[in-house]
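Below: entry_13.txt (compact mmCIF, C-alpha atoms and all ligand atoms)
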# COMPACT_ATOMS: atom_id res chain seq x y z
CA MET A 1 67.34 -161.57 -14.46
CA ASN A 2 64.83 -164.38 -14.83
CA LYS A 3 62.66 -163.59 -17.80
CA ILE A 4 58.97 -164.38 -18.14
CA LEU A 5 57.53 -164.65 -21.62
CA VAL A 6 53.99 -163.30 -21.99
CA THR A 7 52.26 -164.67 -25.09
CA GLY A 8 49.51 -162.45 -26.46
CA GLY A 9 51.49 -159.56 -25.02
CA SER A 10 49.47 -156.85 -26.75
CA GLY A 11 46.10 -158.37 -25.91
CA LEU A 12 43.57 -157.44 -23.25
CA VAL A 13 45.47 -159.06 -20.35
CA GLY A 14 48.94 -159.43 -21.86
CA ARG A 15 49.35 -155.67 -22.20
CA CYS A 16 48.85 -155.25 -18.42
CA PHE A 17 52.06 -157.08 -17.43
CA THR A 18 54.36 -154.09 -17.12
CA GLY A 19 57.44 -155.01 -15.05
CA SER A 20 60.92 -155.38 -16.56
CA ARG A 21 60.86 -159.14 -15.95
CA PHE A 22 58.27 -159.55 -18.72
CA ILE A 23 59.15 -160.16 -22.37
CA LYS A 24 56.14 -159.91 -24.60
CA THR A 25 55.28 -161.50 -27.86
CA ASP A 26 52.38 -160.73 -30.11
CA SER A 27 51.62 -163.69 -32.36
CA ARG A 28 50.32 -161.48 -35.11
CA GLU A 29 53.67 -159.75 -35.55
CA SER A 30 56.58 -161.43 -33.84
CA LEU A 31 55.70 -165.07 -33.35
CA ASN A 32 53.15 -167.44 -34.87
CA LEU A 33 52.21 -169.81 -32.06
CA LEU A 34 50.27 -171.98 -34.51
CA ASP A 35 53.66 -172.97 -35.93
CA LYS A 36 55.45 -175.57 -33.81
CA ASN A 37 58.93 -174.90 -35.25
CA GLU A 38 58.64 -171.13 -34.88
CA THR A 39 57.46 -171.53 -31.30
CA SER A 40 60.30 -173.94 -30.58
CA SER A 41 63.03 -171.66 -32.01
CA PHE A 42 61.65 -168.65 -30.19
CA LEU A 43 61.58 -170.36 -26.81
CA ASN A 44 64.99 -171.95 -27.27
CA ASP A 45 66.55 -168.60 -28.19
CA LEU A 46 64.91 -166.75 -25.31
CA LYS A 47 65.16 -169.50 -22.67
CA PRO A 48 62.70 -167.83 -20.28
CA GLU A 49 62.33 -169.03 -16.71
CA GLY A 50 58.56 -168.90 -17.11
CA VAL A 51 55.71 -168.41 -19.55
CA ILE A 52 52.39 -166.68 -18.99
CA HIS A 53 50.29 -167.94 -21.86
CA CYS A 54 47.60 -165.35 -22.61
CA ALA A 55 47.48 -165.75 -26.39
CA ALA A 56 44.21 -167.26 -27.57
CA LYS A 57 41.57 -167.03 -30.23
CA VAL A 58 38.75 -165.41 -28.25
CA GLY A 59 35.43 -163.77 -28.94
CA GLY A 60 32.00 -163.08 -27.57
CA VAL A 61 28.93 -165.27 -27.71
CA LYS A 62 28.28 -164.72 -31.44
CA GLY A 63 31.90 -165.02 -32.57
CA ASN A 64 32.08 -168.36 -30.75
CA MET A 65 28.84 -169.55 -32.39
CA ASP A 66 29.81 -168.47 -35.92
CA TYR A 67 33.43 -169.66 -36.01
CA PRO A 68 33.59 -172.75 -33.76
CA ALA A 69 36.15 -174.52 -35.94
CA GLU A 70 38.59 -171.59 -35.83
CA PHE A 71 38.19 -171.28 -32.06
CA THR A 72 38.79 -175.01 -31.61
CA TYR A 73 41.70 -175.40 -34.02
CA GLN A 74 43.64 -172.28 -33.12
CA ASN A 75 43.37 -172.75 -29.37
CA LEU A 76 44.24 -176.45 -29.48
CA MET A 77 47.28 -175.76 -31.67
CA MET A 78 48.56 -172.73 -29.75
CA ASN A 79 48.15 -174.41 -26.36
CA THR A 80 49.77 -177.64 -27.53
CA ASN A 81 52.74 -175.84 -29.10
CA VAL A 82 53.30 -173.45 -26.20
CA ILE A 83 53.10 -176.08 -23.46
CA GLU A 84 55.19 -178.74 -25.24
CA GLU A 85 57.83 -176.34 -26.60
CA ALA A 86 58.09 -174.62 -23.20
CA ARG A 87 58.81 -178.00 -21.62
CA LEU A 88 61.44 -178.81 -24.25
CA ALA A 89 63.08 -175.39 -23.78
CA GLY A 90 63.41 -176.00 -20.03
CA VAL A 91 60.68 -173.57 -18.89
CA LYS A 92 60.09 -174.22 -15.20
CA LYS A 93 56.85 -172.31 -14.60
CA LEU A 94 53.92 -171.81 -16.90
CA ILE A 95 50.48 -170.31 -16.39
CA SER A 96 47.83 -170.93 -19.03
CA PHE A 97 44.57 -169.00 -19.31
CA ALA A 98 41.25 -170.84 -19.35
CA SER A 99 37.85 -169.19 -18.76
CA THR A 100 34.78 -169.81 -16.58
CA CYS A 101 32.97 -170.80 -19.80
CA VAL A 102 34.87 -174.13 -19.70
CA PHE A 103 32.55 -175.38 -16.97
CA PRO A 104 29.54 -177.58 -17.67
CA ASP A 105 26.35 -175.73 -18.48
CA ALA A 106 24.30 -177.88 -16.09
CA VAL A 107 26.22 -177.84 -12.84
CA GLU A 108 25.78 -176.89 -9.21
CA TYR A 109 26.95 -173.34 -8.43
CA PRO A 110 29.36 -171.90 -7.53
CA LEU A 111 31.77 -173.16 -10.19
CA SER A 112 34.90 -174.71 -8.72
CA PRO A 113 37.82 -176.51 -10.38
CA ASP A 114 36.65 -179.98 -9.33
CA LYS A 115 33.56 -179.50 -11.56
CA ILE A 116 35.29 -178.75 -14.89
CA HIS A 117 34.68 -182.19 -16.40
CA LEU A 118 31.26 -182.99 -14.96
CA GLY A 119 29.37 -182.38 -18.21
CA PRO A 120 29.39 -180.61 -21.58
CA PRO A 121 29.94 -176.82 -21.70
CA HIS A 122 27.24 -174.44 -22.95
CA ASN A 123 26.62 -175.01 -26.66
CA SER A 124 27.41 -171.35 -27.52
CA ASN A 125 31.14 -171.94 -26.95
CA TYR A 126 31.54 -175.68 -27.22
CA GLY A 127 34.77 -175.79 -29.27
CA TYR A 128 36.51 -172.99 -27.35
CA ALA A 129 35.58 -174.49 -23.98
CA TYR A 130 36.76 -177.98 -24.89
CA ALA A 131 40.04 -176.62 -26.31
CA LYS A 132 40.64 -174.75 -23.06
CA ARG A 133 39.74 -177.82 -21.01
CA MET A 134 42.32 -179.76 -23.02
CA ALA A 135 45.04 -177.23 -22.17
CA ASP A 136 44.47 -178.05 -18.52
CA ILE A 137 44.51 -181.80 -19.24
CA GLN A 138 47.86 -181.28 -20.97
CA ILE A 139 49.14 -179.31 -17.97
CA GLN A 140 47.97 -181.94 -15.47
CA SER A 141 49.68 -184.65 -17.54
CA TYR A 142 52.92 -182.68 -17.73
CA ARG A 143 52.89 -182.10 -13.98
CA GLN A 144 52.39 -185.81 -13.44
CA GLN A 145 55.01 -187.05 -15.90
CA TYR A 146 57.63 -184.26 -15.84
CA GLY A 147 57.06 -182.70 -12.40
CA LEU A 148 56.76 -179.20 -13.89
CA ASN A 149 55.19 -176.26 -12.05
CA TYR A 150 52.57 -175.55 -14.69
CA PHE A 151 48.96 -174.59 -13.88
CA SER A 152 45.85 -172.93 -15.31
CA VAL A 153 44.02 -169.82 -14.21
CA ILE A 154 40.30 -169.54 -14.86
CA PRO A 155 39.15 -165.92 -15.12
CA CYS A 156 35.52 -164.86 -15.33
CA ASN A 157 34.59 -162.38 -18.11
CA ILE A 158 37.50 -159.93 -18.49
CA TYR A 159 37.16 -156.36 -19.73
CA GLY A 160 39.43 -153.33 -19.94
CA PRO A 161 41.42 -151.04 -22.24
CA GLY A 162 42.89 -152.55 -25.42
CA ASP A 163 40.02 -155.00 -25.92
CA ASN A 164 38.59 -156.08 -29.27
CA TYR A 165 35.75 -153.63 -29.97
CA ASP A 166 34.19 -155.58 -32.85
CA VAL A 167 30.43 -155.06 -32.43
CA VAL A 168 29.57 -158.45 -33.92
CA ASN A 169 32.25 -160.84 -32.69
CA GLY A 170 33.57 -159.08 -29.58
CA HIS A 171 32.66 -159.65 -25.94
CA VAL A 172 29.70 -157.85 -24.45
CA ILE A 173 31.43 -154.89 -22.72
CA PRO A 174 33.67 -153.77 -25.61
CA SER A 175 30.78 -154.30 -28.06
CA LEU A 176 28.49 -152.18 -25.91
CA ILE A 177 31.09 -149.44 -25.49
CA HIS A 178 31.48 -149.26 -29.26
CA LYS A 179 27.70 -149.34 -29.86
CA PHE A 180 27.00 -146.57 -27.34
CA TYR A 181 29.85 -144.48 -28.73
CA MET A 182 28.49 -144.70 -32.29
CA ALA A 183 24.87 -144.17 -31.23
CA LYS A 184 25.87 -141.08 -29.24
CA GLU A 185 27.80 -139.67 -32.21
CA LYS A 186 24.84 -140.19 -34.55
CA GLY A 187 22.06 -139.40 -32.05
CA GLU A 188 20.56 -142.90 -32.52
CA ASP A 189 19.04 -145.56 -30.22
CA VAL A 190 21.04 -148.60 -29.08
CA THR A 191 19.98 -152.24 -29.48
CA ILE A 192 21.23 -154.75 -26.93
CA TRP A 193 21.34 -158.49 -27.62
CA GLY A 194 19.04 -160.73 -25.62
CA SER A 195 16.81 -159.90 -22.67
CA GLY A 196 19.54 -158.37 -20.53
CA ASN A 197 18.69 -160.89 -17.78
CA PRO A 198 21.78 -163.17 -17.98
CA LEU A 199 24.25 -162.67 -15.17
CA ARG A 200 28.01 -162.37 -15.46
CA GLU A 201 30.99 -161.79 -13.20
CA PHE A 202 33.29 -159.19 -14.74
CA ILE A 203 36.91 -158.62 -13.76
CA PHE A 204 39.09 -155.69 -14.82
CA SER A 205 42.07 -156.70 -16.99
CA GLU A 206 44.68 -155.03 -14.76
CA ASP A 207 43.38 -157.02 -11.75
CA VAL A 208 43.77 -160.24 -13.73
CA ALA A 209 47.41 -159.42 -14.53
CA LYS A 210 48.19 -158.43 -10.92
CA LEU A 211 46.66 -161.64 -9.54
CA THR A 212 48.42 -163.75 -12.14
CA GLU A 213 51.80 -162.23 -11.24
CA LEU A 214 51.09 -162.87 -7.53
CA LEU A 215 50.25 -166.49 -8.36
CA TYR A 216 53.36 -166.83 -10.50
CA ASP A 217 55.44 -165.91 -7.45
CA ASN A 218 53.44 -167.74 -4.79
CA TYR A 219 51.43 -170.68 -6.16
CA THR A 220 52.87 -174.13 -6.77
CA ASP A 221 49.80 -176.37 -6.74
CA GLY A 222 48.31 -177.89 -9.88
CA VAL A 223 44.68 -177.12 -9.11
CA PRO A 224 43.47 -174.40 -11.51
CA VAL A 225 42.87 -171.05 -9.82
CA ILE A 226 39.64 -169.13 -10.44
CA LEU A 227 40.16 -165.38 -10.93
CA SER A 228 36.86 -163.70 -10.23
CA THR A 229 35.34 -161.01 -8.08
CA GLY A 230 32.52 -163.14 -6.70
CA ASP A 231 30.03 -160.41 -7.75
CA GLU A 232 27.40 -161.12 -10.38
CA ILE A 233 25.72 -158.34 -12.34
CA SER A 234 23.00 -158.58 -14.98
CA ILE A 235 23.76 -157.56 -18.56
CA LYS A 236 20.96 -155.00 -18.20
CA ASP A 237 22.72 -153.35 -15.24
CA VAL A 238 26.02 -153.23 -17.15
CA VAL A 239 24.16 -151.57 -20.03
CA LEU A 240 22.75 -148.96 -17.64
CA LEU A 241 26.19 -148.23 -16.17
CA ILE A 242 27.68 -147.75 -19.64
CA ALA A 243 24.74 -145.57 -20.73
CA GLU A 244 25.22 -143.41 -17.62
CA ILE A 245 28.95 -142.90 -18.28
CA PHE A 246 28.18 -141.89 -21.88
CA GLU A 247 25.34 -139.64 -20.60
CA PHE A 248 23.22 -141.45 -23.17
CA LYS A 249 19.73 -139.97 -23.58
CA ASN A 250 18.24 -141.96 -26.49
CA LYS A 251 16.29 -145.24 -26.21
CA ILE A 252 17.75 -148.66 -25.36
CA HIS A 253 16.08 -151.69 -27.02
CA PHE A 254 16.54 -155.37 -26.16
CA ASP A 255 16.51 -157.77 -29.15
CA THR A 256 15.50 -161.19 -27.81
CA GLU A 257 16.15 -162.79 -31.22
CA LYS A 258 19.89 -162.33 -30.57
CA PRO A 259 21.91 -164.89 -28.58
CA GLU A 260 21.75 -164.87 -24.78
CA GLY A 261 24.52 -167.38 -24.10
CA GLN A 262 24.76 -169.13 -20.75
CA PHE A 263 22.35 -167.75 -18.12
CA ARG A 264 24.98 -167.44 -15.39
CA LYS A 265 28.38 -168.77 -14.31
CA PRO A 266 29.06 -167.65 -10.73
CA SER A 267 32.39 -168.95 -9.48
CA ASP A 268 34.18 -169.75 -6.24
CA ASN A 269 37.08 -167.32 -5.78
CA SER A 270 38.08 -168.56 -2.30
CA VAL A 271 41.64 -169.51 -3.33
CA ILE A 272 42.65 -165.97 -4.28
CA ARG A 273 40.66 -164.46 -1.40
CA ASN A 274 42.51 -166.68 1.07
CA MET A 275 45.93 -166.22 -0.55
CA PHE A 276 45.67 -162.46 -1.08
CA PRO A 277 43.15 -161.16 1.48
CA ASP A 278 44.22 -157.52 0.98
CA PHE A 279 43.73 -157.57 -2.79
CA LYS A 280 41.28 -154.86 -3.85
CA PHE A 281 39.29 -155.51 -7.01
CA THR A 282 38.63 -152.54 -9.26
CA PRO A 283 34.92 -151.66 -8.86
CA ILE A 284 33.07 -152.14 -12.15
CA GLU A 285 32.04 -148.45 -12.30
CA GLU A 286 35.72 -147.42 -12.15
CA GLY A 287 36.86 -150.13 -14.59
CA LEU A 288 34.17 -149.14 -17.09
CA LYS A 289 35.16 -145.46 -16.86
CA LYS A 290 38.81 -146.35 -17.53
CA SER A 291 37.83 -148.61 -20.43
CA ILE A 292 35.52 -146.01 -21.99
CA ASN A 293 38.10 -143.22 -21.61
CA TRP A 294 40.71 -145.47 -23.24
CA PHE A 295 38.30 -146.26 -26.08
CA ILE A 296 37.56 -142.57 -26.73
CA ASP A 297 41.25 -141.59 -26.53
CA ASN A 298 42.31 -144.34 -28.93
CA TYR A 299 39.46 -144.20 -31.43
CA PRO A 300 39.82 -144.77 -34.43
CA ASN A 301 43.13 -146.69 -34.11
CA LEU A 302 41.83 -149.61 -32.10
CA ARG A 303 40.88 -153.24 -32.75
CA LYS A 304 37.29 -153.26 -33.98
O1 LIG B 401 30.80 -161.37 -23.54
P1 LIG B 401 29.76 -162.22 -24.14
O2 LIG B 401 29.57 -162.15 -25.60
O3 LIG B 401 30.03 -163.72 -23.86
O4 LIG B 401 28.36 -161.84 -23.40
P2 LIG B 401 29.61 -164.87 -22.83
C1 LIG B 401 27.18 -162.36 -23.89
C2 LIG B 401 25.98 -161.84 -23.11
O5 LIG B 401 25.84 -160.44 -23.30
C3 LIG B 401 24.71 -162.49 -23.64
C4 LIG B 401 24.63 -160.17 -24.03
O6 LIG B 401 23.74 -162.61 -22.64
C5 LIG B 401 24.29 -161.50 -24.72
O7 LIG B 401 22.90 -161.61 -25.01
N1 LIG B 401 24.82 -159.05 -24.95
C6 LIG B 401 24.05 -157.93 -25.04
C7 LIG B 401 25.81 -158.92 -25.85
N2 LIG B 401 24.47 -157.12 -26.00
C8 LIG B 401 25.59 -157.70 -26.52
C9 LIG B 401 26.50 -157.30 -27.54
O8 LIG B 401 26.38 -156.25 -28.18
N3 LIG B 401 27.55 -158.14 -27.79
C10 LIG B 401 27.72 -159.31 -27.09
N4 LIG B 401 28.80 -160.07 -27.37
N5 LIG B 401 26.84 -159.73 -26.15
C11 LIG B 401 31.81 -165.78 -23.71
C12 LIG B 401 32.24 -167.07 -24.37
O9 LIG B 401 30.55 -166.02 -23.30
O10 LIG B 401 32.56 -165.48 -22.57
C13 LIG B 401 33.67 -167.11 -24.56
O11 LIG B 401 31.53 -167.24 -25.56
C14 LIG B 401 34.48 -166.53 -23.42
O12 LIG B 401 34.01 -168.42 -24.82
C15 LIG B 401 33.86 -165.32 -22.76
O13 LIG B 401 34.74 -167.49 -22.46
C16 LIG B 401 34.51 -164.96 -21.44
O14 LIG B 401 29.91 -164.49 -21.43
O15 LIG B 401 28.21 -165.35 -23.10

Would you mind writing the structure in this file as structure tokens?
Ligand code: GFB
Amino acid sequence: MNKILVTGGSGLVGRCFTGSRFIKTDSRESLNLLDKNETSSFLNDLKPEGVIHCAAKVGGVKGNMDYPAEFTYQNLMMNTNVIEEARLAGVKKLISFASTCVFPDAVEYPLSPDKIHLGPPHNSNYGYAYAKRMADIQIQSYRQQYGLNYFSVIPCNIYGPGDNYDVVNGHVIPSLIHKFYMAKEKGEDVTIWGSGNPLREFIFSEDVAKLTELLYDNYTDGVPVILSTGDEISIKDVVLLIAEIFEFKNKIHFDTEKPEGQFRKPSDNSVIRNMFPDFKFTPIEEGLKKSINWFIDNYPNLRK
């Protein structure tokens, strides 16, 4: 059977690839993708037909602002090693994960792949965004020189079970789930970062994996594919949904001294809508319930 290696196989998206064609690696235990030789040996031993490259150094708005060098270095190194060593090991198909934060901060909406390089990304995730842009430059160059079927996917903000629930450095939804959980336990109020006005598109992790597998089997173009729902929601409304699921009765405060990040990043999802018109996105209410139930069931043995 043709094997597909999933890097970051225990991460938020990687863990959702469940079929027997997938071989997973978790860099923290089985393979250090920062190491070129280790990556090379691993790929040459496994000889997969394809690679789905989910492994990345990721974090929320504050993690990106506090550790820009780590985000830049680790993502540049992992992407460079994975893409080059995959090529050398004869990997025919590769999908690399970018993010809608790679787009310029000042740009006409909706975001579409032709706009990636039209200006600098938002300063809250400068290093991460440029590292992810470079992965796509590498992919475009490899397509041009080696004729390989490699391409990038660009998801909007992903959430789901198995996330990183660190309340300082994590993304907004897992941080909020953790904050509400603790506040409920202790009977305390919750403080949200920023005004709650910024808008985001959120996509459930299992939907991202399903769409990526569909693209693996059906997409051969080099243009990056945006994976988003097309629905924006304010941070405040996400907070209210989470509070409702927790049946939270205490007060919710908004701390405008804390970072707000980019105001919005609505994206054009027409490629996946046209390719997979019957695909049903998980409604955010349902995705949040699944994520919160997973968090409660797995507390205290989760990443936080
Ligand atoms: O997921 P998040 O941290 O990242 O969301 P970005 C940030 C938004 O949520 C800001 C608000 O408007 C914050 O003010 N927010 C409210 C909170 N409460 C919290 C909280 O407790 N924790 C967090 N983290 N935010 C990231 C990029 O941007 O998006 C990454 O930095 C990555 O590079 C990711 O691409 C998808 O959406 O702002």

re atom CA of Gly19 of chain A and atom CA of Ile292 of chain A: distance 24.7 Å

Residue neighbourhood Leu76 of chain A, 9 Å, all atoms listed in the file, exclusion window fewer than 3 positions, as a list in words
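Counting only the stated atoms, we get Phe71, Thr72, Tyr73, Asn79, Thr80, Asn81, Tyr128, Tyr130, Ala131, Lys132, Met134 and Ala135 of chain A.
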
Could you tell me how far atom CA of Ala209 of chain A lies from atom CA of Asn125 of chain A, in Å and to one decimal?
24.0 Å

When distances are computed from all atoms listed in the file, which of A:Pro110, A:Gly187, A:Gly127, A:Pro104 shows the smallest separation from Lys57 of chain A?
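Closest to Lys57 of chain A of all the choices is A:Gly127.
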
Which neighbours of Val107 of chain A fall inside 8 Å, counting only C-alpha atoms, when residues of the same chain fewer than 4 positions from it are skipped, and could you give them as a count of residues only?
5

Excluding Lys249 of chain A and residues on its chain fewer than 3 positions from it, collect all residues at most 12 Å away from it, counting only C-alpha atoms, and give them as a list in words.
Phe180, Ala183, Lys184, Glu185, Gly187, Glu188, Asp189, Val190, Leu240, Ile242, Ala243, Glu244, Ile245, Phe246 and Ile252 of chain A

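Of the residues listed (A:Gly90, A:Gly59, A:Pro120, A:Gly160), A:Gly160 shows the shortest atom-to-atom separation from Ile284 of chain A; distances use all atoms listed in the file.
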
Residue among A:Leu288, A:Ala129, A:Leu46, A:Val82 lying closest to ligand LIG 401 (chain B), counting all atoms listed in the file
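For ligand LIG 401 (chain B), the nearest of the candidates is A:Ala129.
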
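Of the listed residues (A:Val61, A:Leu211, A:Ile83, A:Met275), A:Val61 comes nearest to ligand LIG 401 (chain B); the distances count all atoms listed in the file.
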
Residues near Ser234 of chain A, cut-off 9 Å, only C-alpha atoms, skip fewer than 2 positions along chain, as a ChimeraX atom specification:
/A:196-201,232,236-239

For atom CA of Ser228 of chain A and atom CA of Thr212 of chain A, the interatomic separation in Å (one decimal)
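Going from atom CA of Ser228 of chain A over to atom CA of Thr212 of chain A, I get 11.7 Å.
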
Using all atoms listed in the file, which residues sit within 12 Å of Ile296 of chain A once same-chain residues fewer than 3 positions away are excluded, as a PDB file with C-alpha atoms, in the frame of the given file?
ATOM      1  CA  PRO A 161      41.420-151.040 -22.240  1.00  0.00           C
ATOM      2  CA  GLY A 162      42.890-152.550 -25.420  1.00  0.00           C
ATOM      3  CA  TYR A 165      35.750-153.630 -29.970  1.00  0.00           C
ATOM      4  CA  PRO A 174      33.670-153.770 -25.610  1.00  0.00           C
ATOM      5  CA  ILE A 177      31.090-149.440 -25.490  1.00  0.00           C
ATOM      6  CA  HIS A 178      31.480-149.260 -29.260  1.00  0.00           C
ATOM      7  CA  PHE A 180      27.000-146.570 -27.340  1.00  0.00           C
ATOM      8  CA  TYR A 181      29.850-144.480 -28.730  1.00  0.00           C
ATOM      9  CA  MET A 182      28.490-144.700 -32.290  1.00  0.00           C
ATOM     10  CA  GLU A 185      27.800-139.670 -32.210  1.00  0.00           C
ATOM     11  CA  PHE A 246      28.180-141.890 -21.880  1.00  0.00           C
ATOM     12  CA  LYS A 289      35.160-145.460 -16.860  1.00  0.00           C
ATOM     13  CA  LYS A 290      38.810-146.350 -17.530  1.00  0.00           C
ATOM     14  CA  SER A 291      37.830-148.610 -20.430  1.00  0.00           C
ATOM     15  CA  ILE A 292      35.520-146.010 -21.990  1.00  0.00           C
ATOM     16  CA  ASN A 293      38.100-143.220 -21.610  1.00  0.00           C
ATOM     17  CA  TYR A 299      39.460-144.200 -31.430  1.00  0.00           C
ATOM     18  CA  PRO A 300      39.820-144.770 -34.430  1.00  0.00           C
ATOM     19  CA  ASN A 301      43.130-146.690 -34.110  1.00  0.00           C
ATOM     20  CA  LEU A 302      41.830-149.610 -32.100  1.00  0.00           C
TER      21      LEU A 302
END

Go through A:Phe22, A:Pro121, A:Asn274, A:Ala55 and flag the residue nearest Gln74 of chain A, using all atoms listed in the file for the distances.
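Smallest distance to Gln74 of chain A is found for A:Ala55.
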